[in-house]
$ cat entry_38.pdb   # PDB, C-alpha atoms
ATOM      1  CA  MET A   1      32.585  27.406 -10.507
ATOM      2  CA  ARG A   2      32.938  29.161  -7.137
ATOM      3  CA  PHE A   3      29.445  30.658  -7.540
ATOM      4  CA  ILE A   4      27.923  27.231  -8.149
ATOM      5  CA  GLU A   5      29.786  25.660  -5.220
ATOM      6  CA  LYS A   6      28.701  28.490  -2.904
ATOM      7  CA  TYR A   7      25.084  29.022  -3.991
ATOM      8  CA  GLY A   8      24.175  25.861  -5.881
ATOM      9  CA  THR A   9      22.250  25.551  -9.132
ATOM     10  CA  HIS A  10      18.618  25.521  -7.978
ATOM     11  CA  ILE A  11      16.416  26.991  -5.251
ATOM     12  CA  ILE A  12      13.821  25.048  -3.256
ATOM     13  CA  VAL A  13      10.481  26.828  -3.674
ATOM     14  CA  GLY A  14       8.309  24.135  -2.134
ATOM     15  CA  LEU A  15       8.265  20.677  -0.633
ATOM     16  CA  ASP A  16       5.882  18.176   0.856
ATOM     17  CA  LEU A  17       6.152  16.802   4.381
ATOM     18  CA  GLY A  18       4.848  13.392   5.281
ATOM     19  CA  GLY A  19       5.662   9.756   4.793
ATOM     20  CA  GLN A  20       5.990   7.211   2.045
ATOM     21  CA  ASP A  21       5.900   3.428   2.307
ATOM     22  CA  VAL A  22       7.170   1.593  -0.784
ATOM     23  CA  VAL A  23       7.423  -2.108  -1.687
ATOM     24  CA  TYR A  24      10.355  -3.144  -3.907
ATOM     25  CA  VAL A  25      10.485  -6.386  -5.889
ATOM     26  CA  LYS A  26      13.059  -7.294  -8.527
ATOM     27  CA  GLN A  27      11.931  -9.493 -11.407
ATOM     28  CA  ASP A  28      14.448 -11.934 -12.869
ATOM     29  CA  ASN A  29      15.246 -11.445 -16.580
ATOM     30  CA  SER A  30      14.093 -15.002 -17.357
ATOM     31  CA  SER A  31      10.674 -14.491 -15.746
ATOM     32  CA  PRO A  32       7.751 -15.259 -18.080
ATOM     33  CA  LEU A  33       5.462 -12.793 -16.263
ATOM     34  CA  SER A  34       4.428  -9.734 -18.259
ATOM     35  CA  PRO A  35       4.737  -6.219 -16.804
ATOM     36  CA  SER A  36       0.941  -6.031 -16.429
ATOM     37  CA  GLU A  37       0.887  -9.343 -14.504
ATOM     38  CA  ILE A  38       3.665  -8.129 -12.213
ATOM     39  CA  LYS A  39       1.809  -4.849 -11.638
ATOM     40  CA  GLU A  40      -1.419  -6.699 -10.811
ATOM     41  CA  HIS A  41       0.363  -8.978  -8.344
ATOM     42  CA  LEU A  42       2.246  -6.071  -6.764
ATOM     43  CA  ASP A  43      -1.025  -4.184  -6.308
ATOM     44  CA  LYS A  44      -2.471  -7.209  -4.483
ATOM     45  CA  LEU A  45       0.727  -7.605  -2.465
ATOM     46  CA  GLY A  46       0.684  -3.926  -1.495
ATOM     47  CA  ASP A  47      -2.953  -4.154  -0.437
ATOM     48  CA  GLN A  48      -2.153  -7.177   1.739
ATOM     49  CA  LEU A  49       0.927  -5.598   3.295
ATOM     50  CA  PHE A  50      -0.679  -2.236   3.966
ATOM     51  CA  THR A  51      -3.877  -3.679   5.450
ATOM     52  CA  GLY A  52      -1.897  -5.999   7.719
ATOM     53  CA  THR A  53      -3.341  -9.226   6.275
ATOM     54  CA  CYS A  54       0.155 -10.298   5.245
ATOM     55  CA  THR A  55       3.629  -9.626   6.608
ATOM     56  CA  LEU A  56       7.086 -10.179   5.184
ATOM     57  CA  PRO A  57       9.491 -12.617   6.821
ATOM     58  CA  PRO A  58      12.857 -11.345   8.048
ATOM     59  CA  PRO A  59      15.199 -10.583   5.118
ATOM     60  CA  ASN A  60      16.998 -13.548   3.587
ATOM     61  CA  ARG A  61      15.191 -16.167   5.701
ATOM     62  CA  LYS A  62      16.036 -19.646   4.431
ATOM     63  CA  ASN A  63      13.944 -22.793   4.602
ATOM     64  CA  ARG A  64      15.123 -26.277   5.675
ATOM     65  CA  ASP A  65      16.776 -26.882   2.288
ATOM     66  CA  HIS A  66      18.865 -23.710   2.792
ATOM     67  CA  LYS A  67      17.104 -22.010  -0.100
ATOM     68  CA  PHE A  68      15.830 -18.478   0.185
ATOM     69  CA  LYS A  69      12.192 -18.542   1.178
ATOM     70  CA  VAL A  70       9.762 -16.593  -0.989
ATOM     71  CA  PRO A  71       7.634 -14.334   1.236
ATOM     72  CA  GLU A  72       4.140 -15.578   2.013
ATOM     73  CA  ALA A  73       2.877 -12.320   0.579
ATOM     74  CA  PHE A  74       3.353 -13.882  -2.856
ATOM     75  CA  ASN A  75       0.376 -16.168  -2.250
ATOM     76  CA  VAL A  76      -1.391 -13.630  -4.473
ATOM     77  CA  PHE A  77       0.137 -15.413  -7.485
ATOM     78  CA  ASP A  78      -1.978 -17.946  -9.326
ATOM     79  CA  ALA A  79      -1.936 -21.546  -8.114
ATOM     80  CA  GLN A  80      -0.005 -22.701 -11.205
ATOM     81  CA  VAL A  81       2.957 -20.594 -10.083
ATOM     82  CA  THR A  82       4.781 -22.899  -7.713
ATOM     83  CA  GLN A  83       7.237 -21.969  -4.987
ATOM     84  CA  GLN A  84      10.085 -23.385  -7.083
ATOM     85  CA  SER A  85       9.192 -21.518 -10.275
ATOM     86  CA  LEU A  86       8.542 -18.302  -8.347
ATOM     87  CA  GLN A  87      12.032 -18.573  -6.870
ATOM     88  CA  GLY A  88      13.576 -17.932 -10.290
ATOM     89  CA  MET A  89      11.246 -15.064 -11.175
ATOM     90  CA  ILE A  90      11.298 -12.852  -8.110
ATOM     91  CA  THR A  91      14.023 -11.907  -5.671
ATOM     92  CA  PRO A  92      13.175 -11.073  -2.062
ATOM     93  CA  VAL A  93      10.658  -8.319  -1.398
ATOM     94  CA  SER A  94      11.736  -5.312   0.617
ATOM     95  CA  CYS A  95       9.857  -2.354   2.030
ATOM     96  CA  LYS A  96      11.236   1.103   2.621
ATOM     97  CA  GLU A  97       9.633   3.821   4.671
ATOM     98  CA  ARG A  98      10.391   7.527   4.514
ATOM     99  CA  GLY A  99       9.179   9.530   7.460
ATOM    100  CA  GLY A 100       7.492   8.040  10.473
ATOM    101  CA  ASN A 101       9.087   5.468  12.748
ATOM    102  CA  ALA A 102      10.699   2.778  10.578
ATOM    103  CA  ALA A 103      10.832   0.466  13.613
ATOM    104  CA  ALA A 104       7.016   0.201  13.669
ATOM    105  CA  SER A 105       5.842  -3.402  13.407
ATOM    106  CA  ASP A 106       3.335  -2.900  10.584
ATOM    107  CA  HIS A 107       1.960  -0.317   8.162
ATOM    108  CA  SER A 108      -0.920   0.791  10.418
ATOM    109  CA  GLU A 109       1.413   1.420  13.356
ATOM    110  CA  TRP A 110       3.923   3.236  11.107
ATOM    111  CA  LEU A 111       1.153   5.423   9.659
ATOM    112  CA  LEU A 112       0.314   6.759  13.139
ATOM    113  CA  THR A 113       3.926   7.945  13.598
ATOM    114  CA  VAL A 114       4.155   9.958  10.352
ATOM    115  CA  PRO A 115       2.599  13.207  11.726
ATOM    116  CA  THR A 116       5.147  13.357  14.566
ATOM    117  CA  MET A 117       8.143  12.251  12.471
ATOM    118  CA  PRO A 118       7.562  13.549   8.908
ATOM    119  CA  ASP A 119      10.209  13.532   6.199
ATOM    120  CA  ALA A 120      10.751  16.186   3.526
ATOM    121  CA  MET A 121       9.998  14.868   0.046
ATOM    122  CA  ASN A 122       8.862  15.964  -3.397
ATOM    123  CA  PHE A 123      11.020  19.060  -3.567
ATOM    124  CA  LYS A 124       9.967  21.720  -6.070
ATOM    125  CA  LEU A 125      13.058  23.395  -7.551
ATOM    126  CA  VAL A 126      13.657  26.348  -9.874
ATOM    127  CA  PRO A 127      16.979  27.335 -11.450
ATOM    128  CA  ILE A 128      18.873  29.949  -9.429
ATOM    129  CA  THR A 129      19.094  32.051 -12.594
ATOM    130  CA  SER A 130      15.337  32.713 -12.312
ATOM    131  CA  LEU A 131      16.214  35.207  -9.552
ATOM    132  CA  LEU A 132      18.446  37.138 -11.921
ATOM    133  CA  LYS A 133      16.024  38.033 -14.721
ATOM    134  CA  GLY A 134      17.177  41.226 -16.426
ATOM    135  CA  VAL A 135      20.663  41.131 -14.871
ATOM    136  CA  THR A 136      23.530  41.492 -17.328
ATOM    137  CA  GLY A 137      25.443  38.241 -17.802
ATOM    138  CA  VAL A 138      22.675  35.912 -16.601
ATOM    139  CA  GLY A 139      22.943  34.003 -19.895
ATOM    140  CA  PHE A 140      26.593  33.182 -19.165
ATOM    141  CA  LEU A 141      25.684  31.937 -15.680
ATOM    142  CA  SER A 142      22.846  29.848 -17.093
ATOM    143  CA  HIS A 143      25.206  28.321 -19.668
ATOM    144  CA  ALA A 144      27.831  27.618 -16.977
ATOM    145  CA  ILE A 145      25.225  25.910 -14.776
ATOM    146  CA  ASN A 146      24.034  23.761 -17.685
ATOM    147  CA  LEU A 147      27.619  22.695 -18.433
ATOM    148  CA  TYR A 148      28.245  22.007 -14.747
ATOM    149  CA  LEU A 149      25.133  19.831 -14.482
ATOM    150  CA  ARG A 150      25.983  17.979 -17.680
ATOM    151  CA  TYR A 151      29.603  17.144 -16.819
ATOM    152  CA  GLU A 152      29.701  17.033 -13.002
ATOM    153  CA  ASN A 153      26.897  14.501 -12.603
ATOM    154  CA  VAL A 154      28.348  11.893 -14.952
TER     155      VAL A 154
END

$ encode --input "entry_38.pdb" --output "structure tokens"
Amino acid sequence: MRFIEKYGTHIIVGLDLGGQDVVYVKQDNSSPLSPSEIKEHLDKLGDQLFTGTCTLPPPNRKNRDHKFKVPEAFNVFDAQVTQQSLQGMITPVSCKERGGNAAASDHSEWLLTVPTMPDAMNFKLVPITSLLKGVTGVGFLSHAINLYLRYENV
């Protein structure tokens, strides 16, 4: 246990630097939209957001009736999907940036800040036991690490 706490279980052998801009939408369980329809609409929404043709309102903005307002970005949905029916299918959209300046006003502006403010992502890891090939007792360490990972991360 002391070995694992001191040295860890894996070694970083590579990583990517850069930025990532992700759109999150949660679909309500009662939504009649199929996964392929949601994917198609999210692709259109992403294209609109990332080209700057559409922006999201401030989080949790309410309309005059004090109901949460569905972002205008969802105009990509078919005309038969009304504002009221969409309200029960989709919860508010949120975007999350990794790397770059998150305070940038839109995707194009944020993209320009990524080279000067990159984030580490997509870590490539190998088990620490790979350094100990041929060392007596490496099997015991490997077994201990597997048990640690199984029961400590519950």

$ atom_distance --input "entry_38.pdb" --atom1 "atom CA of A:Lys6" --atom2 "atom CA of A:Leu131"
15.7 Å

$ atom_distance --input "entry_38.pdb" --atom1 "atom CA of A:Gln20" --atom2 "atom CA of A:Lys96"
8.1 Å

$ resolve_selection --input "entry_38.pdb" --expression "the PyMOL selection byres ((chain A and resi 13-17) around 8)" --output "VMD selection string"
chain A and resid 11 to 12 18 to 19 118 to 126

$ resolve_selection --input "entry_38.pdb" --expression "the PyMOL selection byres ((chain A and resi 110) around 12)" --output "list of chain:residue names"
A:Gly18, A:Gly19, A:Gln20, A:Asp21, A:Phe50, A:Thr51, A:Gly52, A:Lys96, A:Glu97, A:Arg98, A:Gly99, A:Gly100, A:Asn101, A:Ala102, A:Ala103, A:Ala104, A:Ser105, A:Asp106, A:His107, A:Ser108, A:Glu109, A:Leu111, A:Leu112, A:Thr113, A:Val114, A:Pro115, A:Thr116, A:Met117, A:Pro118

$ residues_around --input "entry_38.pdb" --residues "A:Leu141" --least-positions-apart "2" --cutoff "12 Å" --atoms "only C-alpha atoms" --output "PyMOL selection string"
chain A and resi 1-4+8-9+127-133+135-139+143-148

$ resolve_selection --input "entry_38.pdb" --expression "the PyMOL selection byres ((chain A and resi 39) around 12)" --output "number ranges by chain"
A: 23-27, 33-38, 40-46, 76-77

$ atom_distance --input "entry_38.pdb" --atom1 "atom CA of A:Val22" --atom2 "atom CA of A:Ser94"
8.4 Å

$ axis_aligned_box --input "entry_38.pdb" --around "stretch 122-139 of chain A" --padding-each-side "3 Å" --output "JSON"
{"center_x": 17.2, "center_y": 28.7, "center_z": -11.6, "size_x": 22.6, "size_y": 31.5, "size_z": 22.5}

$ decode --input "entry_38.pdb" --residues "stretch 22-37 of chain A" --atoms "N, CA and C atoms" --output "compact mmCIF listing (two decimals), in the first residue's frame"
# COMPACT_ATOMS: atom_id res chain seq x y z
N VAL A 22 -16.94 21.48 -25.80
CA VAL A 22 -17.97 20.44 -25.81
C VAL A 22 -19.33 21.04 -25.48
N VAL A 23 -20.37 20.57 -26.16
CA VAL A 23 -21.75 20.97 -25.87
C VAL A 23 -22.43 19.82 -25.15
N TYR A 24 -23.07 20.11 -24.01
CA TYR A 24 -23.79 19.10 -23.24
C TYR A 24 -25.28 19.41 -23.28
N VAL A 25 -26.08 18.38 -23.53
CA VAL A 25 -27.53 18.48 -23.50
C VAL A 25 -28.05 17.22 -22.82
N LYS A 26 -29.00 17.37 -21.91
CA LYS A 26 -29.58 16.20 -21.25
C LYS A 26 -30.99 16.00 -21.80
N GLN A 27 -31.26 14.78 -22.25
CA GLN A 27 -32.57 14.44 -22.79
C GLN A 27 -33.44 13.87 -21.67
N ASP A 28 -34.67 14.34 -21.57
CA ASP A 28 -35.60 13.83 -20.58
C ASP A 28 -35.99 12.40 -20.93
N ASN A 29 -36.22 11.57 -19.90
CA ASN A 29 -36.59 10.16 -20.12
C ASN A 29 -37.87 10.01 -20.94
N SER A 30 -38.78 10.97 -20.84
CA SER A 30 -40.06 10.86 -21.55
C SER A 30 -39.99 11.39 -22.99
N SER A 31 -38.83 11.83 -23.42
CA SER A 31 -38.68 12.40 -24.76
C SER A 31 -38.93 11.34 -25.84
N PRO A 32 -39.72 11.68 -26.85
CA PRO A 32 -39.98 10.73 -27.94
C PRO A 32 -38.87 10.70 -28.99
N LEU A 33 -37.88 11.58 -28.88
CA LEU A 33 -36.82 11.64 -29.89
C LEU A 33 -35.89 10.44 -29.77
N SER A 34 -35.55 9.87 -30.91
CA SER A 34 -34.63 8.72 -30.93
C SER A 34 -33.19 9.21 -30.78
N PRO A 35 -32.28 8.33 -30.38
CA PRO A 35 -30.87 8.73 -30.27
C PRO A 35 -30.32 9.30 -31.58
N SER A 36 -30.73 8.75 -32.72
CA SER A 36 -30.21 9.27 -34.00
C SER A 36 -30.75 10.67 -34.28
N GLU A 37 -32.01 10.94 -33.89
CA GLU A 37 -32.56 12.29 -34.05
C GLU A 37 -31.83 13.28 -33.16
